[in-house]
Amino acid sequence: MTTVRVVVGGAVFDRGRLLAARRSAPPELAGRWELPGGKLEPGESARQALVRELREELGVEVEPLARIDGEWPLKPPYVLHVWTARLLAGEVRPLQDHDELRWLTPDRVDEVDWLEADRPAVAAAARLLTAG
Ligand code: DCM
């Protein structure tokens, strides 16, 4: 029996915009856009993993806010969970795994080529931003 393993992605909000990150690796995902994040390590909560991953990948501190309902399949045994998060301090920089970052207003989230798994959560995040 295989237990699913969680990858946590962050819908990072700042001043009414959503952060999109373009992957630089692996080759089959490079150039596609995602909600940045990564795999939970043993003993870690989703909130802890998100804080750690965004510190490593983007050099910023975030505060996870709430989970977006749903769970989306990735390459087995992984599933994607998404949390909204607020930028606490600093400027995002692509330190690891990404080669471009973009802040998108909710009416413009469709302008980048999101990984399939991320699309429902991106749409939900855009609705949250629009609702204010
Ligand atoms: N992944 C994804 N969407 C995200 C984060 C990750 O589809 N927002 C996928 C890409 C990889 C896997 O999850 O196949 C593991 O991600 P990573 O390589 O960043 O640990």
# chains A, B, ... in the order shown; residues from 1 in each chain; ligands from 1
>>> select_by_dssp(residues="chain A", states="alpha helix (DSSP H)", output="list of chain:residue names")
A:Ala46, A:Arg47, A:Gln48, A:Ala49, A:Leu50, A:Val51, A:Arg52, A:Glu53, A:Leu54, A:Arg55, A:Glu56, A:Glu57, A:Leu58, A:Arg119, A:Pro120, A:Ala121, A:Val122, A:Ala123, A:Ala124, A:Ala125, A:Ala126, A:Arg127, A:Leu128, A:Leu129, A:Thr130, A:Ala131
>>> write_last_selection(atoms="N, CA and C atoms", output="PDB file, in the first residue's frame")
ATOM      1  N   ALA A  46       1.879  21.164   6.987  1.00  0.00           N
ATOM      2  CA  ALA A  46       1.816  21.873   5.708  1.00  0.00           C
ATOM      3  C   ALA A  46       2.239  23.332   5.870  1.00  0.00           C
ATOM      4  N   ARG A  47       1.805  23.957   6.943  1.00  0.00           N
ATOM      5  CA  ARG A  47       2.185  25.369   7.165  1.00  0.00           C
ATOM      6  C   ARG A  47       3.697  25.515   7.332  1.00  0.00           C
ATOM      7  N   GLN A  48       4.286  24.598   8.115  1.00  0.00           N
ATOM      8  CA  GLN A  48       5.740  24.655   8.321  1.00  0.00           C
ATOM      9  C   GLN A  48       6.487  24.431   7.011  1.00  0.00           C
ATOM     10  N   ALA A  49       6.014  23.462   6.220  1.00  0.00           N
ATOM     11  CA  ALA A  49       6.679  23.158   4.944  1.00  0.00           C
ATOM     12  C   ALA A  49       6.595  24.367   4.009  1.00  0.00           C
ATOM     13  N   LEU A  50       5.447  25.018   3.981  1.00  0.00           N
ATOM     14  CA  LEU A  50       5.282  26.167   3.090  1.00  0.00           C
ATOM     15  C   LEU A  50       6.225  27.309   3.493  1.00  0.00           C
ATOM     16  N   VAL A  51       6.293  27.583   4.778  1.00  0.00           N
ATOM     17  CA  VAL A  51       7.194  28.642   5.261  1.00  0.00           C
ATOM     18  C   VAL A  51       8.638  28.300   4.876  1.00  0.00           C
ATOM     19  N   ARG A  52       9.050  27.059   5.111  1.00  0.00           N
ATOM     20  CA  ARG A  52      10.426  26.639   4.804  1.00  0.00           C
ATOM     21  C   ARG A  52      10.706  26.715   3.301  1.00  0.00           C
ATOM     22  N   GLU A  53       9.804  26.186   2.491  1.00  0.00           N
ATOM     23  CA  GLU A  53      10.041  26.148   1.046  1.00  0.00           C
ATOM     24  C   GLU A  53      10.119  27.555   0.446  1.00  0.00           C
ATOM     25  N   LEU A  54       9.257  28.438   0.903  1.00  0.00           N
ATOM     26  CA  LEU A  54       9.262  29.787   0.310  1.00  0.00           C
ATOM     27  C   LEU A  54      10.449  30.600   0.810  1.00  0.00           C
ATOM     28  N   ARG A  55      10.928  30.288   1.993  1.00  0.00           N
ATOM     29  CA  ARG A  55      12.172  30.905   2.463  1.00  0.00           C
ATOM     30  C   ARG A  55      13.336  30.438   1.584  1.00  0.00           C
ATOM     31  N   GLU A  56      13.405  29.135   1.317  1.00  0.00           N
ATOM     32  CA  GLU A  56      14.497  28.568   0.513  1.00  0.00           C
ATOM     33  C   GLU A  56      14.438  29.030  -0.944  1.00  0.00           C
ATOM     34  N   GLU A  57      13.242  28.997  -1.520  1.00  0.00           N
ATOM     35  CA  GLU A  57      13.110  29.226  -2.962  1.00  0.00           C
ATOM     36  C   GLU A  57      13.044  30.697  -3.338  1.00  0.00           C
ATOM     37  N   LEU A  58      12.487  31.514  -2.434  1.00  0.00           N
ATOM     38  CA  LEU A  58      12.187  32.910  -2.779  1.00  0.00           C
ATOM     39  C   LEU A  58      12.848  33.919  -1.847  1.00  0.00           C
ATOM     40  N   ARG A 119      -4.130  24.713 -11.736  1.00  0.00           N
ATOM     41  CA  ARG A 119      -5.153  25.605 -12.313  1.00  0.00           C
ATOM     42  C   ARG A 119      -6.389  25.820 -11.441  1.00  0.00           C
ATOM     43  N   PRO A 120      -6.970  24.758 -10.865  1.00  0.00           N
ATOM     44  CA  PRO A 120      -8.158  25.011 -10.038  1.00  0.00           C
ATOM     45  C   PRO A 120      -7.848  25.905  -8.835  1.00  0.00           C
ATOM     46  N   ALA A 121      -6.687  25.702  -8.228  1.00  0.00           N
ATOM     47  CA  ALA A 121      -6.343  26.511  -7.051  1.00  0.00           C
ATOM     48  C   ALA A 121      -6.037  27.953  -7.451  1.00  0.00           C
ATOM     49  N   VAL A 122      -5.429  28.133  -8.624  1.00  0.00           N
ATOM     50  CA  VAL A 122      -5.177  29.502  -9.112  1.00  0.00           C
ATOM     51  C   VAL A 122      -6.508  30.226  -9.327  1.00  0.00           C
ATOM     52  N   ALA A 123      -7.480  29.523  -9.918  1.00  0.00           N
ATOM     53  CA  ALA A 123      -8.795  30.143 -10.142  1.00  0.00           C
ATOM     54  C   ALA A 123      -9.443  30.510  -8.814  1.00  0.00           C
ATOM     55  N   ALA A 124      -9.337  29.629  -7.833  1.00  0.00           N
ATOM     56  CA  ALA A 124      -9.916  29.914  -6.510  1.00  0.00           C
ATOM     57  C   ALA A 124      -9.201  31.097  -5.860  1.00  0.00           C
ATOM     58  N   ALA A 125      -7.882  31.142  -5.995  1.00  0.00           N
ATOM     59  CA  ALA A 125      -7.110  32.247  -5.406  1.00  0.00           C
ATOM     60  C   ALA A 125      -7.491  33.571  -6.066  1.00  0.00           C
ATOM     61  N   ALA A 126      -7.688  33.554  -7.380  1.00  0.00           N
ATOM     62  CA  ALA A 126      -8.075  34.783  -8.091  1.00  0.00           C
ATOM     63  C   ALA A 126      -9.453  35.258  -7.608  1.00  0.00           C
ATOM     64  N   ARG A 127     -10.359  34.318  -7.362  1.00  0.00           N
ATOM     65  CA  ARG A 127     -11.681  34.698  -6.847  1.00  0.00           C
ATOM     66  C   ARG A 127     -11.559  35.327  -5.464  1.00  0.00           C
ATOM     67  N   LEU A 128     -10.695  34.764  -4.630  1.00  0.00           N
ATOM     68  CA  LEU A 128     -10.496  35.335  -3.287  1.00  0.00           C
ATOM     69  C   LEU A 128      -9.944  36.758  -3.383  1.00  0.00           C
ATOM     70  N   LEU A 129      -9.002  36.969  -4.297  1.00  0.00           N
ATOM     71  CA  LEU A 129      -8.410  38.305  -4.453  1.00  0.00           C
ATOM     72  C   LEU A 129      -9.454  39.299  -4.961  1.00  0.00           C
ATOM     73  N   THR A 130     -10.266  38.852  -5.913  1.00  0.00           N
ATOM     74  CA  THR A 130     -11.290  39.728  -6.481  1.00  0.00           C
ATOM     75  C   THR A 130     -12.321  40.108  -5.424  1.00  0.00           C
ATOM     76  N   ALA A 131     -12.662  39.134  -4.567  1.00  0.00           N
ATOM     77  CA  ALA A 131     -13.643  39.386  -3.506  1.00  0.00           C
ATOM     78  C   ALA A 131     -13.061  40.333  -2.452  1.00  0.00           C
TER      79      ALA A 131
END
>>> residues_near_ligand(ligand="ligand 1", cutoff="6 Å", atoms="only C-alpha atoms and all ligand atoms", output="list in words")
Gly9, Glu34, Leu35, Pro36, Gly37, Gly38, Lys39, Leu74, Lys75, Leu115, Ala117 and Asp118 of chain A
>>> write_last_selection(atoms="N, CA, C and O atoms", output="PDB file, in the first residue's frame")
ATOM      1  N   GLY A   9       1.635  23.933  -2.076  1.00  0.00           N
ATOM      2  CA  GLY A   9       1.889  25.108  -2.898  1.00  0.00           C
ATOM      3  C   GLY A   9       1.320  26.336  -2.215  1.00  0.00           C
ATOM      4  O   GLY A   9       0.312  26.255  -1.512  1.00  0.00           O
ATOM      5  N   GLU A  34       3.913  27.833 -11.709  1.00  0.00           N
ATOM      6  CA  GLU A  34       3.319  27.138 -10.565  1.00  0.00           C
ATOM      7  C   GLU A  34       3.148  28.086  -9.391  1.00  0.00           C
ATOM      8  O   GLU A  34       3.714  29.182  -9.361  1.00  0.00           O
ATOM      9  N   LEU A  35       2.383  27.593  -8.436  1.00  0.00           N
ATOM     10  CA  LEU A  35       2.340  28.185  -7.115  1.00  0.00           C
ATOM     11  C   LEU A  35       3.524  27.576  -6.371  1.00  0.00           C
ATOM     12  O   LEU A  35       3.579  26.358  -6.214  1.00  0.00           O
ATOM     13  N   PRO A  36       4.499  28.377  -5.963  1.00  0.00           N
ATOM     14  CA  PRO A  36       5.738  27.809  -5.436  1.00  0.00           C
ATOM     15  C   PRO A  36       5.505  27.044  -4.132  1.00  0.00           C
ATOM     16  O   PRO A  36       4.614  27.372  -3.359  1.00  0.00           O
ATOM     17  N   GLY A  37       6.341  26.040  -3.906  1.00  0.00           N
ATOM     18  CA  GLY A  37       6.203  25.228  -2.703  1.00  0.00           C
ATOM     19  C   GLY A  37       7.028  23.976  -2.834  1.00  0.00           C
ATOM     20  O   GLY A  37       8.016  23.966  -3.565  1.00  0.00           O
ATOM     21  N   GLY A  38       6.609  22.924  -2.172  1.00  0.00           N
ATOM     22  CA  GLY A  38       7.351  21.675  -2.277  1.00  0.00           C
ATOM     23  C   GLY A  38       6.829  20.623  -1.330  1.00  0.00           C
ATOM     24  O   GLY A  38       5.766  20.782  -0.726  1.00  0.00           O
ATOM     25  N   LYS A  39       7.604  19.560  -1.214  1.00  0.00           N
ATOM     26  CA  LYS A  39       7.181  18.383  -0.461  1.00  0.00           C
ATOM     27  C   LYS A  39       7.313  18.599   1.045  1.00  0.00           C
ATOM     28  O   LYS A  39       8.288  19.191   1.506  1.00  0.00           O
ATOM     29  N   LEU A  74      -0.668  14.726  -8.506  1.00  0.00           N
ATOM     30  CA  LEU A  74       0.597  14.962  -9.193  1.00  0.00           C
ATOM     31  C   LEU A  74       1.130  13.587  -9.577  1.00  0.00           C
ATOM     32  O   LEU A  74       0.398  12.608  -9.561  1.00  0.00           O
ATOM     33  N   LYS A  75       2.405  13.530  -9.896  1.00  0.00           N
ATOM     34  CA  LYS A  75       3.010  12.231 -10.157  1.00  0.00           C
ATOM     35  C   LYS A  75       2.915  11.401  -8.876  1.00  0.00           C
ATOM     36  O   LYS A  75       3.327  11.850  -7.813  1.00  0.00           O
ATOM     37  N   LEU A 115       0.986  24.952 -14.625  1.00  0.00           N
ATOM     38  CA  LEU A 115       0.912  23.490 -14.578  1.00  0.00           C
ATOM     39  C   LEU A 115      -0.546  23.099 -14.352  1.00  0.00           C
ATOM     40  O   LEU A 115      -1.272  23.762 -13.621  1.00  0.00           O
ATOM     41  N   ALA A 117      -2.062  20.863 -12.630  1.00  0.00           N
ATOM     42  CA  ALA A 117      -2.515  20.600 -11.257  1.00  0.00           C
ATOM     43  C   ALA A 117      -2.850  21.881 -10.516  1.00  0.00           C
ATOM     44  O   ALA A 117      -3.700  21.895  -9.628  1.00  0.00           O
ATOM     45  N   ASP A 118      -2.186  22.974 -10.883  1.00  0.00           N
ATOM     46  CA  ASP A 118      -2.343  24.231 -10.146  1.00  0.00           C
ATOM     47  C   ASP A 118      -3.574  25.039 -10.560  1.00  0.00           C
ATOM     48  O   ASP A 118      -3.977  25.958  -9.856  1.00  0.00           O
TER      49      ASP A 118
END
>>> closest_residue(among="A:Arg32, A:His98, A:His81, A:Arg93", to="Val60 in chain A", atoms="only C-alpha atoms")
A:Arg93
>>> atom_distance(atom1="CA of Ser45 in chain A", atom2="CA of Thr105 in chain A")
29.2 Å
>>> atom_distance(atom1="CA of Glu61 in chain A", atom2="CA of Pro94 in chain A")
13.9 Å
>>> select_by_dssp(residues="chain A", states="strand (DSSP E or B)", output="MDAnalysis selection string")
chainID A and resid 5:14 17:23 33:34 37:39 61:73 78:89 98:104 114
>>> residues_around(residues="Ala89 in chain A", least_positions_apart="2", cutoff="10 Å", atoms="only C-alpha atoms", output="PyMOL selection string")
chain A and resi 59-63+86-87+91-92
>>> write_last_selection(atoms="C-alpha atoms", output="CSV table (one decimal), in the first residue's frame")
chain,number,residue,atom,x,y,z
A,59,GLY,CA,14.1,34.3,0.2
A,60,VAL,CA,11.0,35.7,1.9
A,61,GLU,CA,8.9,35.1,5.0
A,62,VAL,CA,5.3,34.3,4.5
A,63,GLU,CA,2.3,33.7,6.9
A,86,ARG,CA,0.6,36.6,3.0
A,87,LEU,CA,4.0,38.1,2.2
A,91,GLU,CA,11.2,41.0,-2.0
A,92,VAL,CA,10.8,37.6,-3.8
>>> residues_around(residues="Asp97 in chain A", least_positions_apart="2", cutoff="7 Å", atoms="only C-alpha atoms", output="list of chain:residue names")
A:Arg23, A:Ser24, A:Ala25, A:Glu57
>>> write_last_selection(atoms="N, CA, C and O atoms", output="PDB file, in the first residue's frame")
ATOM      1  N   ARG A  23       9.012  27.484 -13.431  1.00  0.00           N
ATOM      2  CA  ARG A  23       9.970  26.426 -13.083  1.00  0.00           C
ATOM      3  C   ARG A  23      11.130  26.393 -14.058  1.00  0.00           C
ATOM      4  O   ARG A  23      10.937  26.551 -15.262  1.00  0.00           O
ATOM      5  N   SER A  24      12.316  26.126 -13.503  1.00  0.00           N
ATOM      6  CA  SER A  24      13.513  25.972 -14.325  1.00  0.00           C
ATOM      7  C   SER A  24      13.908  24.512 -14.466  1.00  0.00           C
ATOM      8  O   SER A  24      14.806  24.186 -15.247  1.00  0.00           O
ATOM      9  N   ALA A  25      13.267  23.623 -13.729  1.00  0.00           N
ATOM     10  CA  ALA A  25      13.588  22.190 -13.767  1.00  0.00           C
ATOM     11  C   ALA A  25      12.405  21.409 -13.192  1.00  0.00           C
ATOM     12  O   ALA A  25      11.593  21.989 -12.485  1.00  0.00           O
ATOM     13  N   GLU A  57      13.242  28.997  -1.520  1.00  0.00           N
ATOM     14  CA  GLU A  57      13.110  29.226  -2.962  1.00  0.00           C
ATOM     15  C   GLU A  57      13.044  30.697  -3.338  1.00  0.00           C
ATOM     16  O   GLU A  57      13.447  31.079  -4.437  1.00  0.00           O
TER      17      GLU A  57
END
>>> residues_around(residues="Leu104 in chain A", least_positions_apart="6", cutoff="7 Å", atoms="only C-alpha atoms", output="list in words")
Arg17, Leu18 and Leu19 of chain A
>>> atom_distance(atom1="CA of Gly31 in chain A", atom2="CA of Val112 in chain A")
9.8 Å
>>> closest_residue(among="A:Ala85, A:Glu100, A:Asp113, A:Val79", to="Arg67 in chain A", atoms="only C-alpha atoms")
A:Ala85
